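Written below as C-alpha cells is the structure these notes are about.
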Amino acid sequence: MINEKGLTIYTDGAARGNPGRGGYGAILMWKGKVKEISQGFKHTTNNRMELLSVIAALESLNRKGLDIQIYSDSKYVVQAVNEKWLDKWIATNFKGGKKNSDLWTKYYQLSKDHAIQFIWVKGHASNPYNQRCDELATAAADGNNLLEDTGYEA
C-alpha cells in the first residue's frame with residue numbers, strides 16, 4: 001500500500017538468538033522514488049531492531065512536516081504508539097523499568113516533526129514490501145559490518 005499524499009515507510013527488525021546478532025531494514029517510498037536502508041548490530045534484541053528500523057527511517061528524512069504511513073509487523077511498536085502506551089511511558093519517565101527507553105525517547109522526539117500513522121501488517125504473509133524489509137534486516141544481521149548497540153549494552 002502506498003500513501004498517495006505523503007511518505008510510505010515499511011520497516012522490519014530481526015535478531016539471531018534474541019538477544020544476539022540483529023539488524024533492521026526499511027523501505028521509504030515518496031512520489032515514485034524508493035530508498036532502502038539497513039544496518040546490522042553485534043548484540044541486540046528483536047524489539048530494539050523493530051523500533052530502530054522506524055527511527056533510522058525517520059532520521060534519514062530531509063524535511064519536516066510530512067504525512068507518513070509506517071507499516072510494521074511489530075505489534076510491540078504499533079501498539080505502543082497507537083494504543084498510547086508510549087505517551088504513558090513518557091509521562092512517567094518510563095517508571096517501572098520499561099525496556100528500550102533510549103530508543104522510545106528518540107522515536108518520540110522524531111515523531112513530533114511529522115504526522116505519523118502506524119499500520120500493522122502480518123509478517124511473512126506475502127506482502128512484498130514487508131518481505132523485502134525482512135530480507136534487508138536478516139542480511140544486515142548476518143553481515144560483517146556490525147555496529148555496537150550501545151543502548152542495549154548499557
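Convention: chains lettered A, B, ... in C-alpha cells order; per-chain residue numbering from 1; ligands numbered from 1 as shown.
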
Just the residues within 12 Å of Lys33 in chain A, please, counting only C-alpha atoms, with nothing from its chain fewer than 4 positions along; format it as JSON, numbers by chain.
-> {"A": [2, 6, 7, 8, 9, 27, 28, 29]}

From range 20-99 of chain A, collect each residue whose DSSP state is strand (DSSP E) and return the set as a VMD selection string.
-> chain A and resid 20 to 30 33 to 44 67 to 72

Can you write out the residues you just picked, keeping N, CA and C atoms, as a PDB file, in the first residue's frame?
```pdb
ATOM      1  N   GLY A  20      21.001 -11.398  20.387  1.00  0.00           N
ATOM      2  CA  GLY A  20      22.024 -11.927  19.503  1.00  0.00           C
ATOM      3  C   GLY A  20      22.319 -10.911  18.416  1.00  0.00           C
ATOM      4  N   ARG A  21      22.920 -11.392  17.341  1.00  0.00           N
ATOM      5  CA  ARG A  21      23.156 -10.502  16.195  1.00  0.00           C
ATOM      6  C   ARG A  21      21.804 -10.021  15.697  1.00  0.00           C
ATOM      7  N   GLY A  22      21.744  -8.762  15.290  1.00  0.00           N
ATOM      8  CA  GLY A  22      20.468  -8.226  14.834  1.00  0.00           C
ATOM      9  C   GLY A  22      20.634  -7.270  13.683  1.00  0.00           C
ATOM     10  N   GLY A  23      19.523  -6.918  13.099  1.00  0.00           N
ATOM     11  CA  GLY A  23      19.540  -5.953  12.013  1.00  0.00           C
ATOM     12  C   GLY A  23      18.163  -5.388  11.773  1.00  0.00           C
ATOM     13  N   TYR A  24      18.137  -4.284  11.045  1.00  0.00           N
ATOM     14  CA  TYR A  24      16.866  -3.700  10.648  1.00  0.00           C
ATOM     15  C   TYR A  24      16.900  -3.416   9.156  1.00  0.00           C
ATOM     16  N   GLY A  25      15.713  -3.300   8.596  1.00  0.00           N
ATOM     17  CA  GLY A  25      15.564  -2.898   7.209  1.00  0.00           C
ATOM     18  C   GLY A  25      14.361  -1.995   7.090  1.00  0.00           C
ATOM     19  N   ALA A  26      14.443  -1.019   6.192  1.00  0.00           N
ATOM     20  CA  ALA A  26      13.313  -0.123   5.953  1.00  0.00           C
ATOM     21  C   ALA A  26      13.282   0.261   4.482  1.00  0.00           C
ATOM     22  N   ILE A  27      12.093   0.452   3.992  1.00  0.00           N
ATOM     23  CA  ILE A  27      11.869   0.932   2.628  1.00  0.00           C
ATOM     24  C   ILE A  27      11.059   2.215   2.734  1.00  0.00           C
ATOM     25  N   LEU A  28      11.573   3.277   2.126  1.00  0.00           N
ATOM     26  CA  LEU A  28      10.890   4.560   2.101  1.00  0.00           C
ATOM     27  C   LEU A  28      10.434   4.821   0.670  1.00  0.00           C
ATOM     28  N   MET A  29       9.162   5.173   0.496  1.00  0.00           N
ATOM     29  CA  MET A  29       8.601   5.428  -0.832  1.00  0.00           C
ATOM     30  C   MET A  29       7.957   6.807  -0.851  1.00  0.00           C
ATOM     31  N   TRP A  30       8.414   7.628  -1.800  1.00  0.00           N
ATOM     32  CA  TRP A  30       7.950   9.011  -1.900  1.00  0.00           C
ATOM     33  C   TRP A  30       7.885   9.413  -3.362  1.00  0.00           C
ATOM     34  N   LYS A  33       9.706   7.390  -5.917  1.00  0.00           N
ATOM     35  CA  LYS A  33      11.092   7.043  -5.594  1.00  0.00           C
ATOM     36  C   LYS A  33      11.102   6.083  -4.412  1.00  0.00           C
ATOM     37  N   VAL A  34      12.065   5.164  -4.454  1.00  0.00           N
ATOM     38  CA  VAL A  34      12.182   4.151  -3.407  1.00  0.00           C
ATOM     39  C   VAL A  34      13.605   4.158  -2.873  1.00  0.00           C
ATOM     40  N   LYS A  35      13.729   4.145  -1.542  1.00  0.00           N
ATOM     41  CA  LYS A  35      15.038   4.089  -0.878  1.00  0.00           C
ATOM     42  C   LYS A  35      14.998   2.965   0.147  1.00  0.00           C
ATOM     43  N   GLU A  36      16.036   2.137   0.142  1.00  0.00           N
ATOM     44  CA  GLU A  36      16.168   1.055   1.122  1.00  0.00           C
ATOM     45  C   GLU A  36      17.319   1.364   2.054  1.00  0.00           C
ATOM     46  N   ILE A  37      17.109   1.115   3.345  1.00  0.00           N
ATOM     47  CA  ILE A  37      18.180   1.280   4.326  1.00  0.00           C
ATOM     48  C   ILE A  37      18.213   0.050   5.229  1.00  0.00           C
ATOM     49  N   SER A  38      19.403  -0.253   5.726  1.00  0.00           N
ATOM     50  CA  SER A  38      19.548  -1.376   6.655  1.00  0.00           C
ATOM     51  C   SER A  38      20.863  -1.225   7.411  1.00  0.00           C
ATOM     52  N   GLN A  39      20.940  -1.919   8.543  1.00  0.00           N
ATOM     53  CA  GLN A  39      22.158  -1.931   9.339  1.00  0.00           C
ATOM     54  C   GLN A  39      22.108  -3.125  10.277  1.00  0.00           C
ATOM     55  N   GLY A  40      23.265  -3.702  10.550  1.00  0.00           N
ATOM     56  CA  GLY A  40      23.365  -4.825  11.470  1.00  0.00           C
ATOM     57  C   GLY A  40      24.077  -4.443  12.748  1.00  0.00           C
ATOM     58  N   PHE A  41      23.803  -5.209  13.800  1.00  0.00           N
ATOM     59  CA  PHE A  41      24.382  -4.957  15.120  1.00  0.00           C
ATOM     60  C   PHE A  41      24.883  -6.265  15.731  1.00  0.00           C
ATOM     61  N   LYS A  42      25.946  -6.160  16.513  1.00  0.00           N
ATOM     62  CA  LYS A  42      26.602  -7.340  17.087  1.00  0.00           C
ATOM     63  C   LYS A  42      25.752  -8.052  18.128  1.00  0.00           C
ATOM     64  N   HIS A  43      25.074  -7.287  18.993  1.00  0.00           N
ATOM     65  CA  HIS A  43      24.339  -7.890  20.109  1.00  0.00           C
ATOM     66  C   HIS A  43      23.167  -6.989  20.452  1.00  0.00           C
ATOM     67  N   THR A  44      21.951  -7.494  20.234  1.00  0.00           N
ATOM     68  CA  THR A  44      20.760  -6.665  20.415  1.00  0.00           C
ATOM     69  C   THR A  44      19.546  -7.573  20.555  1.00  0.00           C
ATOM     70  N   ASP A  67       3.373  13.829   5.998  1.00  0.00           N
ATOM     71  CA  ASP A  67       2.308  12.894   6.293  1.00  0.00           C
ATOM     72  C   ASP A  67       2.885  11.503   6.025  1.00  0.00           C
ATOM     73  N   ILE A  68       3.079  10.709   7.092  1.00  0.00           N
ATOM     74  CA  ILE A  68       3.794   9.439   6.971  1.00  0.00           C
ATOM     75  C   ILE A  68       2.915   8.284   7.421  1.00  0.00           C
ATOM     76  N   GLN A  69       2.882   7.250   6.600  1.00  0.00           N
ATOM     77  CA  GLN A  69       2.276   5.985   6.990  1.00  0.00           C
ATOM     78  C   GLN A  69       3.409   4.984   7.164  1.00  0.00           C
ATOM     79  N   ILE A  70       3.494   4.396   8.351  1.00  0.00           N
ATOM     80  CA  ILE A  70       4.523   3.410   8.644  1.00  0.00           C
ATOM     81  C   ILE A  70       3.858   2.042   8.814  1.00  0.00           C
ATOM     82  N   TYR A  71       4.299   1.098   7.998  1.00  0.00           N
ATOM     83  CA  TYR A  71       3.804  -0.269   8.058  1.00  0.00           C
ATOM     84  C   TYR A  71       4.840  -1.126   8.780  1.00  0.00           C
ATOM     85  N   SER A  72       4.380  -1.844   9.798  1.00  0.00           N
ATOM     86  CA  SER A  72       5.281  -2.684  10.588  1.00  0.00           C
ATOM     87  C   SER A  72       4.560  -3.963  10.975  1.00  0.00           C
TER      88      SER A  72
END
```

In range 4-148 of chain A, what's helix (DSSP H, G or I) per DSSP? Answer as a count of residues only?
-> 55

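Going from CA of Asp87 in chain A over to CA of Ala154 in chain A, you cover 23.5 Å.
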
At a cut-off of 10 Å, can you tabulate as a Markdown table every residue of range 41-75 of chain A near range 105-122 of chain A together with its closest atom pair and the distance in Å to one decimal, using only C-alpha atoms and ordering rows by chain then number?
```
| residue | atom | partner | partner_atom | distance |
| --- | --- | --- | --- | --- |
| A:Leu51 | CA | A:Tyr107 | CA | 8.0 |
| A:Leu52 | CA | A:Tyr107 | CA | 8.5 |
| A:Val54 | CA | A:Tyr107 | CA | 7.7 |
| A:Ile55 | CA | A:Tyr107 | CA | 5.7 |
| A:Ala56 | CA | A:Tyr107 | CA | 9.3 |
| A:Leu58 | CA | A:Leu110 | CA | 6.8 |
| A:Glu59 | CA | A:Leu110 | CA | 7.5 |
| A:Arg63 | CA | A:Asp113 | CA | 8.8 |
| A:Lys64 | CA | A:Asp113 | CA | 5.4 |
| A:Gly65 | CA | A:His114 | CA | 4.5 |
| A:Leu66 | CA | A:His114 | CA | 5.0 |
| A:Asp67 | CA | A:Ala115 | CA | 4.9 |
| A:Ile68 | CA | A:Ile116 | CA | 4.8 |
| A:Gln69 | CA | A:Gln117 | CA | 4.8 |
| A:Ile70 | CA | A:Phe118 | CA | 4.8 |
| A:Tyr71 | CA | A:Ile119 | CA | 4.8 |
| A:Ser72 | CA | A:Trp120 | CA | 5.2 |
| A:Asp73 | CA | A:Val121 | CA | 4.9 |
| A:Ser74 | CA | A:Trp120 | CA | 7.0 |
| A:Lys75 | CA | A:Trp120 | CA | 6.9 |
```

Of the residues A:Thr150, A:Thr11, A:Thr138, A:Thr92, which is the one nearest to Val77 in chain A, using only C-alpha atoms?
->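 Closest to Val77 in chain A of all the choices is A:Thr11.
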
Taking into account only C-alpha atoms, which residue in the set A:Asp134, A:Tyr152, A:Lys84, A:Tyr10 is nearest to Lys99 in chain A?
->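 So, comparing all the options, the nearest one is A:Tyr152.
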
List the neighbours of Asn46 in chain A out to 6 Å using only C-alpha atoms; skip same-chain residues closer than 2 positions along the sequence, and give me the result as an MDAnalysis selection string.
-> chainID A and resid 13:15 18 48:49

Got time to write the residues from that selection, C-alpha atoms, as a short mmCIF file (atom, residue, chain, number, x, y, z; two decimals), in the first residue's frame?
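Result went into out-v2.cif, see below:
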```cif
data_model
loop_
_atom_site.label_atom_id
_atom_site.label_comp_id
_atom_site.auth_asym_id
_atom_site.auth_seq_id
_atom_site.Cartn_x
_atom_site.Cartn_y
_atom_site.Cartn_z
CA GLY A 13 13.77 -5.88 12.54
CA ALA A 14 15.47 -9.20 13.13
CA ALA A 15 17.62 -10.83 15.78
CA ASN A 18 17.18 -12.63 20.73
CA ARG A 48 15.12 -2.95 19.55
CA MET A 49 15.65 -3.66 15.84
#
```
